[in-house]
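> Below you'll find target-v4.cif; it's mmCIF, N, CA and C atoms, pLDDT in the B column; chains and numbers go by the auth columns.
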```cif
data_structure
loop_
_atom_site.group_PDB
_atom_site.id
_atom_site.type_symbol
_atom_site.label_atom_id
_atom_site.label_comp_id
_atom_site.label_asym_id
_atom_site.label_seq_id
_atom_site.Cartn_x
_atom_site.Cartn_y
_atom_site.Cartn_z
_atom_site.B_iso_or_equiv
_atom_site.auth_seq_id
_atom_site.auth_asym_id
ATOM 1 N N MET A 1 0.846 -1.178 0.000 56.00 109 T
ATOM 2 C CA MET A 1 0.000 0.000 0.000 56.00 109 T
ATOM 3 C C MET A 1 0.888 1.236 0.000 56.00 109 T
ATOM 4 N N SER A 2 0.460 2.249 -0.732 72.00 110 T
ATOM 5 C CA SER A 2 1.193 3.506 -0.801 72.00 110 T
ATOM 6 C C SER A 2 0.912 4.362 0.425 72.00 110 T
ATOM 7 N N HIS A 3 1.830 5.268 0.688 94.00 111 T
ATOM 8 C CA HIS A 3 1.673 6.204 1.790 94.00 111 T
ATOM 9 C C HIS A 3 0.603 7.241 1.426 94.00 111 T
ATOM 10 N N ILE A 4 -0.332 7.509 2.343 97.00 112 T
ATOM 11 C CA ILE A 4 -1.384 8.498 2.116 97.00 112 T
ATOM 12 C C ILE A 4 -0.918 9.839 2.663 97.00 112 T
ATOM 13 N N LEU A 5 -1.000 10.872 1.842 97.00 113 T
ATOM 14 C CA LEU A 5 -0.689 12.231 2.256 97.00 113 T
ATOM 15 C C LEU A 5 -2.015 12.924 2.549 97.00 113 T
ATOM 16 N N TRP A 6 -2.314 13.124 3.839 97.00 114 T
ATOM 17 C CA TRP A 6 -3.584 13.711 4.269 97.00 114 T
ATOM 18 C C TRP A 6 -3.510 15.230 4.274 97.00 114 T
ATOM 19 N N GLU A 7 -4.557 15.880 3.779 96.00 115 T
ATOM 20 C CA GLU A 7 -4.717 17.331 3.864 96.00 115 T
ATOM 21 C C GLU A 7 -5.181 17.697 5.275 96.00 115 T
ATOM 22 N N ASP A 8 -5.106 18.978 5.610 95.00 116 T
ATOM 23 C CA ASP A 8 -5.658 19.441 6.880 95.00 116 T
ATOM 24 C C ASP A 8 -7.154 19.144 6.904 95.00 116 T
ATOM 25 N N PRO A 9 -7.725 18.920 8.100 94.00 117 T
ATOM 26 C CA PRO A 9 -9.150 18.585 8.192 94.00 117 T
ATOM 27 C C PRO A 9 -10.061 19.733 7.757 94.00 117 T
ATOM 28 N N PHE A 10 -11.204 19.366 7.210 91.00 118 T
ATOM 29 C CA PHE A 10 -12.289 20.288 6.909 91.00 118 T
ATOM 30 C C PHE A 10 -13.323 20.099 8.005 91.00 118 T
ATOM 31 N N CYS A 11 -13.588 21.147 8.777 91.00 119 T
ATOM 32 C CA CYS A 11 -14.456 21.019 9.953 91.00 119 T
ATOM 33 C C CYS A 11 -15.629 21.982 9.892 91.00 119 T
ATOM 34 N N GLY A 12 -16.757 21.551 10.428 80.00 120 T
ATOM 35 C CA GLY A 12 -17.913 22.407 10.638 80.00 120 T
ATOM 36 C C GLY A 12 -18.100 22.612 12.127 80.00 120 T
ATOM 37 N N ASP A 13 -18.887 23.587 12.491 78.00 121 T
ATOM 38 C CA ASP A 13 -19.149 23.858 13.909 78.00 121 T
ATOM 39 C C ASP A 13 -19.830 22.667 14.567 78.00 121 T
ATOM 40 N N GLY A 14 -19.193 22.092 15.559 71.00 122 T
ATOM 41 C CA GLY A 14 -19.772 20.997 16.323 71.00 122 T
ATOM 42 C C GLY A 14 -19.913 19.698 15.559 71.00 122 T
ATOM 43 N N ASN A 15 -19.293 19.596 14.396 77.00 123 T
ATOM 44 C CA ASN A 15 -19.410 18.393 13.578 77.00 123 T
ATOM 45 C C ASN A 15 -18.071 17.681 13.493 77.00 123 T
ATOM 46 N N ALA A 16 -18.121 16.459 12.997 80.00 124 T
ATOM 47 C CA ALA A 16 -16.897 15.720 12.749 80.00 124 T
ATOM 48 C C ALA A 16 -16.108 16.406 11.637 80.00 124 T
ATOM 49 N N CYS A 17 -14.815 16.302 11.690 93.00 125 T
ATOM 50 C CA CYS A 17 -13.946 16.856 10.656 93.00 125 T
ATOM 51 C C CYS A 17 -13.605 15.759 9.650 93.00 125 T
ATOM 52 N N PHE A 18 -13.607 16.118 8.379 94.00 126 T
ATOM 53 C CA PHE A 18 -13.264 15.188 7.325 94.00 126 T
ATOM 54 C C PHE A 18 -11.889 15.519 6.773 94.00 126 T
ATOM 55 N N ARG A 19 -11.186 14.492 6.338 96.00 127 T
ATOM 56 C CA ARG A 19 -9.872 14.673 5.729 96.00 127 T
ATOM 57 C C ARG A 19 -9.871 14.030 4.353 96.00 127 T
ATOM 58 N N ILE A 20 -9.183 14.677 3.438 95.00 128 T
ATOM 59 C CA ILE A 20 -8.992 14.149 2.089 95.00 128 T
ATOM 60 C C ILE A 20 -7.503 13.891 1.925 95.00 128 T
ATOM 61 N N GLY A 21 -7.180 12.752 1.346 96.00 129 T
ATOM 62 C CA GLY A 21 -5.781 12.401 1.121 96.00 129 T
ATOM 63 C C GLY A 21 -5.587 11.820 -0.262 96.00 129 T
ATOM 64 N N THR A 22 -4.339 11.778 -0.682 96.00 130 T
ATOM 65 C CA THR A 22 -3.975 11.163 -1.958 96.00 130 T
ATOM 66 C C THR A 22 -2.703 10.346 -1.760 96.00 130 T
ATOM 67 N N ASP A 23 -2.441 9.472 -2.707 96.00 131 T
ATOM 68 C CA ASP A 23 -1.183 8.729 -2.684 96.00 131 T
ATOM 69 C C ASP A 23 -0.471 8.906 -4.018 96.00 131 T
ATOM 70 N N SER A 24 0.683 8.307 -4.129 95.00 132 T
ATOM 71 C CA SER A 24 1.523 8.506 -5.318 95.00 132 T
ATOM 72 C C SER A 24 1.096 7.683 -6.524 95.00 132 T
ATOM 73 N N VAL A 25 0.115 6.807 -6.355 94.00 133 T
ATOM 74 C CA VAL A 25 -0.311 5.969 -7.481 94.00 133 T
ATOM 75 C C VAL A 25 -1.693 6.345 -8.013 94.00 133 T
ATOM 76 N N GLY A 26 -2.201 7.519 -7.634 92.00 134 T
ATOM 77 C CA GLY A 26 -3.436 8.017 -8.215 92.00 134 T
ATOM 78 C C GLY A 26 -4.710 7.741 -7.450 92.00 134 T
ATOM 79 N N ASN A 27 -4.610 7.303 -6.211 96.00 135 T
ATOM 80 C CA ASN A 27 -5.799 7.054 -5.408 96.00 135 T
ATOM 81 C C ASN A 27 -6.116 8.265 -4.539 96.00 135 T
ATOM 82 N N ALA A 28 -7.395 8.424 -4.204 96.00 136 T
ATOM 83 C CA ALA A 28 -7.850 9.476 -3.303 96.00 136 T
ATOM 84 C C ALA A 28 -8.583 8.815 -2.140 96.00 136 T
ATOM 85 N N TYR A 29 -8.566 9.483 -0.987 97.00 137 T
ATOM 86 C CA TYR A 29 -9.123 8.926 0.242 97.00 137 T
ATOM 87 C C TYR A 29 -9.923 10.001 0.967 97.00 137 T
ATOM 88 N N ILE A 30 -11.016 9.605 1.618 96.00 138 T
ATOM 89 C CA ILE A 30 -11.790 10.479 2.492 96.00 138 T
ATOM 90 C C ILE A 30 -11.990 9.730 3.796 96.00 138 T
ATOM 91 N N ALA A 31 -11.748 10.428 4.921 97.00 139 T
ATOM 92 C CA ALA A 31 -11.904 9.811 6.234 97.00 139 T
ATOM 93 C C ALA A 31 -12.333 10.865 7.245 97.00 139 T
ATOM 94 N N VAL A 32 -12.871 10.410 8.353 94.00 140 T
ATOM 95 C CA VAL A 32 -13.147 11.287 9.481 94.00 140 T
ATOM 96 C C VAL A 32 -11.822 11.520 10.197 94.00 140 T
ATOM 97 N N SER A 33 -11.556 12.764 10.549 94.00 141 T
ATOM 98 C CA SER A 33 -10.313 13.090 11.248 94.00 141 T
ATOM 99 C C SER A 33 -10.221 12.294 12.542 94.00 141 T
ATOM 100 N N GLY A 34 -9.088 11.670 12.748 93.00 142 T
ATOM 101 C CA GLY A 34 -8.877 10.818 13.908 93.00 142 T
ATOM 102 C C GLY A 34 -9.183 9.359 13.640 93.00 142 T
ATOM 103 N N ALA A 35 -9.810 9.073 12.506 95.00 143 T
ATOM 104 C CA ALA A 35 -10.146 7.692 12.135 95.00 143 T
ATOM 105 C C ALA A 35 -9.646 7.412 10.717 95.00 143 T
ATOM 106 N N GLU A 36 -8.446 7.883 10.418 95.00 144 T
ATOM 107 C CA GLU A 36 -7.903 7.762 9.073 95.00 144 T
ATOM 108 C C GLU A 36 -7.634 6.319 8.651 95.00 144 T
ATOM 109 N N ASP A 37 -7.655 5.393 9.588 95.00 145 T
ATOM 110 C CA ASP A 37 -7.494 3.976 9.237 95.00 145 T
ATOM 111 C C ASP A 37 -8.750 3.397 8.589 95.00 145 T
ATOM 112 N N HIS A 38 -9.858 4.124 8.686 96.00 146 T
ATOM 113 C CA HIS A 38 -11.148 3.685 8.136 96.00 146 T
ATOM 114 C C HIS A 38 -11.582 4.708 7.091 96.00 146 T
ATOM 115 N N TYR A 39 -11.176 4.512 5.861 96.00 147 T
ATOM 116 C CA TYR A 39 -11.401 5.500 4.811 96.00 147 T
ATOM 117 C C TYR A 39 -12.188 4.905 3.656 96.00 147 T
ATOM 118 N N VAL A 40 -12.714 5.799 2.839 96.00 148 T
ATOM 119 C CA VAL A 40 -13.310 5.450 1.553 96.00 148 T
ATOM 120 C C VAL A 40 -12.271 5.826 0.506 96.00 148 T
ATOM 121 N N THR A 41 -12.057 4.976 -0.457 96.00 149 T
ATOM 122 C CA THR A 41 -11.048 5.252 -1.472 96.00 149 T
ATOM 123 C C THR A 41 -11.596 5.041 -2.870 96.00 149 T
ATOM 124 N N ASP A 42 -11.070 5.826 -3.792 96.00 150 T
ATOM 125 C CA ASP A 42 -11.381 5.709 -5.216 96.00 150 T
ATOM 126 C C ASP A 42 -10.250 6.408 -5.957 96.00 150 T
ATOM 127 N N THR A 43 -10.413 6.643 -7.223 95.00 151 T
ATOM 128 C CA THR A 43 -9.372 7.321 -7.989 95.00 151 T
ATOM 129 C C THR A 43 -9.425 8.829 -7.751 95.00 151 T
ATOM 130 N N ARG A 44 -8.340 9.503 -8.084 94.00 152 T
ATOM 131 C CA ARG A 44 -8.341 10.970 -8.005 94.00 152 T
ATOM 132 C C ARG A 44 -9.384 11.545 -8.958 94.00 152 T
ATOM 133 N N ASP A 45 -9.581 10.912 -10.107 94.00 153 T
ATOM 134 C CA ASP A 45 -10.607 11.381 -11.038 94.00 153 T
ATOM 135 C C ASP A 45 -11.993 11.319 -10.414 94.00 153 T
ATOM 136 N N ALA A 46 -12.268 10.264 -9.663 95.00 154 T
ATOM 137 C CA ALA A 46 -13.556 10.146 -8.991 95.00 154 T
ATOM 138 C C ALA A 46 -13.710 11.219 -7.912 95.00 154 T
ATOM 139 N N LEU A 47 -12.643 11.490 -7.163 92.00 155 T
ATOM 140 C CA LEU A 47 -12.685 12.554 -6.158 92.00 155 T
ATOM 141 C C LEU A 47 -12.906 13.905 -6.834 92.00 155 T
ATOM 142 N N ARG A 48 -12.224 14.143 -7.941 93.00 156 T
ATOM 143 C CA ARG A 48 -12.381 15.391 -8.691 93.00 156 T
ATOM 144 C C ARG A 48 -13.837 15.555 -9.136 93.00 156 T
ATOM 145 N N ALA A 49 -14.435 14.499 -9.651 95.00 157 T
ATOM 146 C CA ALA A 49 -15.835 14.553 -10.081 95.00 157 T
ATOM 147 C C ALA A 49 -16.762 14.826 -8.904 95.00 157 T
ATOM 148 N N LEU A 50 -16.513 14.189 -7.766 93.00 158 T
ATOM 149 C CA LEU A 50 -17.325 14.420 -6.567 93.00 158 T
ATOM 150 C C LEU A 50 -17.258 15.883 -6.150 93.00 158 T
ATOM 151 N N ILE A 51 -16.064 16.437 -6.092 92.00 159 T
ATOM 152 C CA ILE A 51 -15.900 17.836 -5.686 92.00 159 T
ATOM 153 C C ILE A 51 -16.610 18.764 -6.664 92.00 159 T
ATOM 154 N N ARG A 52 -16.496 18.509 -7.950 96.00 160 T
ATOM 155 C CA ARG A 52 -17.188 19.345 -8.943 96.00 160 T
ATOM 156 C C ARG A 52 -18.699 19.297 -8.765 96.00 160 T
ATOM 157 N N GLU A 53 -19.238 18.116 -8.530 96.00 161 T
ATOM 158 C CA GLU A 53 -20.683 17.972 -8.340 96.00 161 T
ATOM 159 C C GLU A 53 -21.150 18.676 -7.062 96.00 161 T
ATOM 160 N N VAL A 54 -20.388 18.564 -5.988 93.00 162 T
ATOM 161 C CA VAL A 54 -20.741 19.249 -4.744 93.00 162 T
ATOM 162 C C VAL A 54 -20.712 20.759 -4.963 93.00 162 T
ATOM 163 N N LYS A 55 -19.647 21.247 -5.617 95.00 163 T
ATOM 164 C CA LYS A 55 -19.540 22.683 -5.887 95.00 163 T
ATOM 165 C C LYS A 55 -20.671 23.175 -6.783 95.00 163 T
ATOM 166 N N ALA A 56 -21.171 22.316 -7.642 97.00 164 T
ATOM 167 C CA ALA A 56 -22.273 22.683 -8.548 97.00 164 T
ATOM 168 C C ALA A 56 -23.626 22.655 -7.846 97.00 164 T
ATOM 169 N N GLY A 57 -23.650 22.278 -6.571 96.00 165 T
ATOM 170 C CA GLY A 57 -24.903 22.303 -5.819 96.00 165 T
ATOM 171 C C GLY A 57 -25.659 21.001 -5.779 96.00 165 T
ATOM 172 N N LYS A 58 -25.098 19.926 -6.321 96.00 166 T
ATOM 173 C CA LYS A 58 -25.805 18.654 -6.382 96.00 166 T
ATOM 174 C C LYS A 58 -26.049 18.009 -5.020 96.00 166 T
ATOM 175 N N ALA A 59 -25.345 18.491 -3.981 93.00 167 T
ATOM 176 C CA ALA A 59 -25.532 17.927 -2.642 93.00 167 T
ATOM 177 C C ALA A 59 -26.166 18.937 -1.685 93.00 167 T
ATOM 178 N N ASP A 60 -26.657 20.052 -2.222 94.00 168 T
ATOM 179 C CA ASP A 60 -27.232 21.090 -1.360 94.00 168 T
ATOM 180 C C ASP A 60 -28.427 20.589 -0.557 94.00 168 T
ATOM 181 N N HIS A 61 -29.140 19.613 -1.053 93.00 169 T
ATOM 182 C CA HIS A 61 -30.292 19.070 -0.322 93.00 169 T
ATOM 183 C C HIS A 61 -29.872 18.380 0.983 93.00 169 T
ATOM 184 N N LEU A 62 -28.588 18.101 1.137 86.00 170 T
ATOM 185 C CA LEU A 62 -28.085 17.472 2.372 86.00 170 T
ATOM 186 C C LEU A 62 -27.768 18.495 3.453 86.00 170 T
ATOM 187 N N LEU A 63 -27.777 19.770 3.099 82.00 171 T
ATOM 188 C CA LEU A 63 -27.441 20.829 4.053 82.00 171 T
ATOM 189 C C LEU A 63 -28.619 21.223 4.895 82.00 171 T
#
```
Using structure tokens, write down the structure from this file.


Amino acid sequence: MSHILWEDPFCGDGNACFRIGTDSVGNAYIAVSGAEDHYVTDTRDALRALIREVKAGKADHLL
């Protein structure tokens, strides 16, 4: 397994913090801060698509 380079956590008020990470072979990871051993993984392209869709408002109904 490749080493995961985690970004600083993204936190909301009173909520769990999420972390996004990548590795050197093109994988992306999302985990709750402090529980990085339990992550969801896919390709960087899939993470890029997810971020674009969220930014476009496709997940606004979850707010």

> Report, in Å to a single decimal, how far apart atom CA of Ala124 of chain T and atom CA of Ser110 of chain T are.

25.7 Å

> May I have the residues within 12 Å of segment 114-117 of chain T as a VMD selection string, using only C-alpha atoms and disregarding those fewer than 2 positions away in the same chain?

chain T and resid 111 to 112 119 to 120 123 to 131 135 to 145 147

> Write out as a ChimeraX atom specification all residues of chain T that backbone DSSP assigns to strand (DSSP E or B).

/T:113-114,118,126-130,135-140,148-151

> One number please: atom C of Val162 of chain T to atom N of Val133 of chain T, in Å, one decimal.

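The value is 25.1 Å.
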
> What separation in Å, quoted to one decimal, exists between atom C of Arg156 of chain T and atom C of Gly122 of chain T?

25.8 Å

> Each side padded by 5 Å, which centre and which edge lengths in Å (one decimal) define the axis-aligned box around the listed atoms of segment 144-149 of chain T? Give them as AutoDock Vina command-line options.


```
--center_x -10.4 --center_y 5.6 --center_z 3.8 --size_x 15.8 --size_y 14.5 --size_z 23.3
```

> Kindly indicate which residue among T:Thr151, T:Ser132, T:Leu158, T:Leu171 lies nearest to Leu113 of chain T, using only N, CA and C atoms for the distances.

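Distance minimum relative to Leu113 of chain T lands on T:Ser132.
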
> As a ChimeraX atom specification, which residues of chain T does DSSP assign to alpha helix (DSSP H)?

/T:152-163

> Is it possible to add N, CA, C and O atoms to segment 116-140 of chain T and hand it back as a tab-separated table (two decimals), in the frame of the given file?


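File rebuild-v9.tsv, as written:
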```
chain	number	residue	atom	x	y	z
T	116	ASP	N	-5.11	18.98	5.61
T	116	ASP	CA	-5.66	19.44	6.88
T	116	ASP	C	-7.15	19.14	6.90
T	116	ASP	O	-7.82	19.14	5.85
T	117	PRO	N	-7.72	18.92	8.10
T	117	PRO	CA	-9.15	18.58	8.19
T	117	PRO	C	-10.06	19.73	7.76
T	117	PRO	O	-9.72	20.90	7.91
T	118	PHE	N	-11.20	19.37	7.21
T	118	PHE	CA	-12.29	20.29	6.91
T	118	PHE	C	-13.32	20.10	8.01
T	118	PHE	O	-13.87	19.01	8.15
T	119	CYS	N	-13.59	21.15	8.78
T	119	CYS	CA	-14.46	21.02	9.95
T	119	CYS	C	-15.63	21.98	9.89
T	119	CYS	O	-15.50	23.10	9.41
T	120	GLY	N	-16.76	21.55	10.43
T	120	GLY	CA	-17.91	22.41	10.64
T	120	GLY	C	-18.10	22.61	12.13
T	120	GLY	O	-17.52	21.90	12.95
T	121	ASP	N	-18.89	23.59	12.49
T	121	ASP	CA	-19.15	23.86	13.91
T	121	ASP	C	-19.83	22.67	14.57
T	121	ASP	O	-20.91	22.26	14.17
T	122	GLY	N	-19.19	22.09	15.56
T	122	GLY	CA	-19.77	21.00	16.32
T	122	GLY	C	-19.91	19.70	15.56
T	122	GLY	O	-20.59	18.79	16.01
T	123	ASN	N	-19.29	19.60	14.40
T	123	ASN	CA	-19.41	18.39	13.58
T	123	ASN	C	-18.07	17.68	13.49
T	123	ASN	O	-17.03	18.22	13.83
T	124	ALA	N	-18.12	16.46	13.00
T	124	ALA	CA	-16.90	15.72	12.75
T	124	ALA	C	-16.11	16.41	11.64
T	124	ALA	O	-16.68	17.04	10.75
T	125	CYS	N	-14.82	16.30	11.69
T	125	CYS	CA	-13.95	16.86	10.66
T	125	CYS	C	-13.60	15.76	9.65
T	125	CYS	O	-13.35	14.62	10.03
T	126	PHE	N	-13.61	16.12	8.38
T	126	PHE	CA	-13.26	15.19	7.32
T	126	PHE	C	-11.89	15.52	6.77
T	126	PHE	O	-11.49	16.67	6.74
T	127	ARG	N	-11.19	14.49	6.34
T	127	ARG	CA	-9.87	14.67	5.73
T	127	ARG	C	-9.87	14.03	4.35
T	127	ARG	O	-10.47	12.98	4.15
T	128	ILE	N	-9.18	14.68	3.44
T	128	ILE	CA	-8.99	14.15	2.09
T	128	ILE	C	-7.50	13.89	1.92
T	128	ILE	O	-6.67	14.70	2.34
T	129	GLY	N	-7.18	12.75	1.35
T	129	GLY	CA	-5.78	12.40	1.12
T	129	GLY	C	-5.59	11.82	-0.26
T	129	GLY	O	-6.54	11.42	-0.93
T	130	THR	N	-4.34	11.78	-0.68
T	130	THR	CA	-3.98	11.16	-1.96
T	130	THR	C	-2.70	10.35	-1.76
T	130	THR	O	-1.99	10.51	-0.77
T	131	ASP	N	-2.44	9.47	-2.71
T	131	ASP	CA	-1.18	8.73	-2.68
T	131	ASP	C	-0.47	8.91	-4.02
T	131	ASP	O	-0.98	9.57	-4.93
T	132	SER	N	0.68	8.31	-4.13
T	132	SER	CA	1.52	8.51	-5.32
T	132	SER	C	1.10	7.68	-6.52
T	132	SER	O	1.64	7.86	-7.61
T	133	VAL	N	0.12	6.81	-6.36
T	133	VAL	CA	-0.31	5.97	-7.48
T	133	VAL	C	-1.69	6.34	-8.01
T	133	VAL	O	-2.29	5.58	-8.77
T	134	GLY	N	-2.20	7.52	-7.63
T	134	GLY	CA	-3.44	8.02	-8.22
T	134	GLY	C	-4.71	7.74	-7.45
T	134	GLY	O	-5.80	7.93	-7.99
T	135	ASN	N	-4.61	7.30	-6.21
T	135	ASN	CA	-5.80	7.05	-5.41
T	135	ASN	C	-6.12	8.26	-4.54
T	135	ASN	O	-5.23	9.02	-4.15
T	136	ALA	N	-7.40	8.42	-4.20
T	136	ALA	CA	-7.85	9.48	-3.30
T	136	ALA	C	-8.58	8.82	-2.14
T	136	ALA	O	-9.16	7.74	-2.29
T	137	TYR	N	-8.57	9.48	-0.99
T	137	TYR	CA	-9.12	8.93	0.24
T	137	TYR	C	-9.92	10.00	0.97
T	137	TYR	O	-9.55	11.17	0.95
T	138	ILE	N	-11.02	9.60	1.62
T	138	ILE	CA	-11.79	10.48	2.49
T	138	ILE	C	-11.99	9.73	3.80
T	138	ILE	O	-12.37	8.55	3.79
T	139	ALA	N	-11.75	10.43	4.92
T	139	ALA	CA	-11.90	9.81	6.23
T	139	ALA	C	-12.33	10.86	7.24
T	139	ALA	O	-12.16	12.06	7.02
T	140	VAL	N	-12.87	10.41	8.35
T	140	VAL	CA	-13.15	11.29	9.48
T	140	VAL	C	-11.82	11.52	10.20
T	140	VAL	O	-11.05	10.57	10.41
```
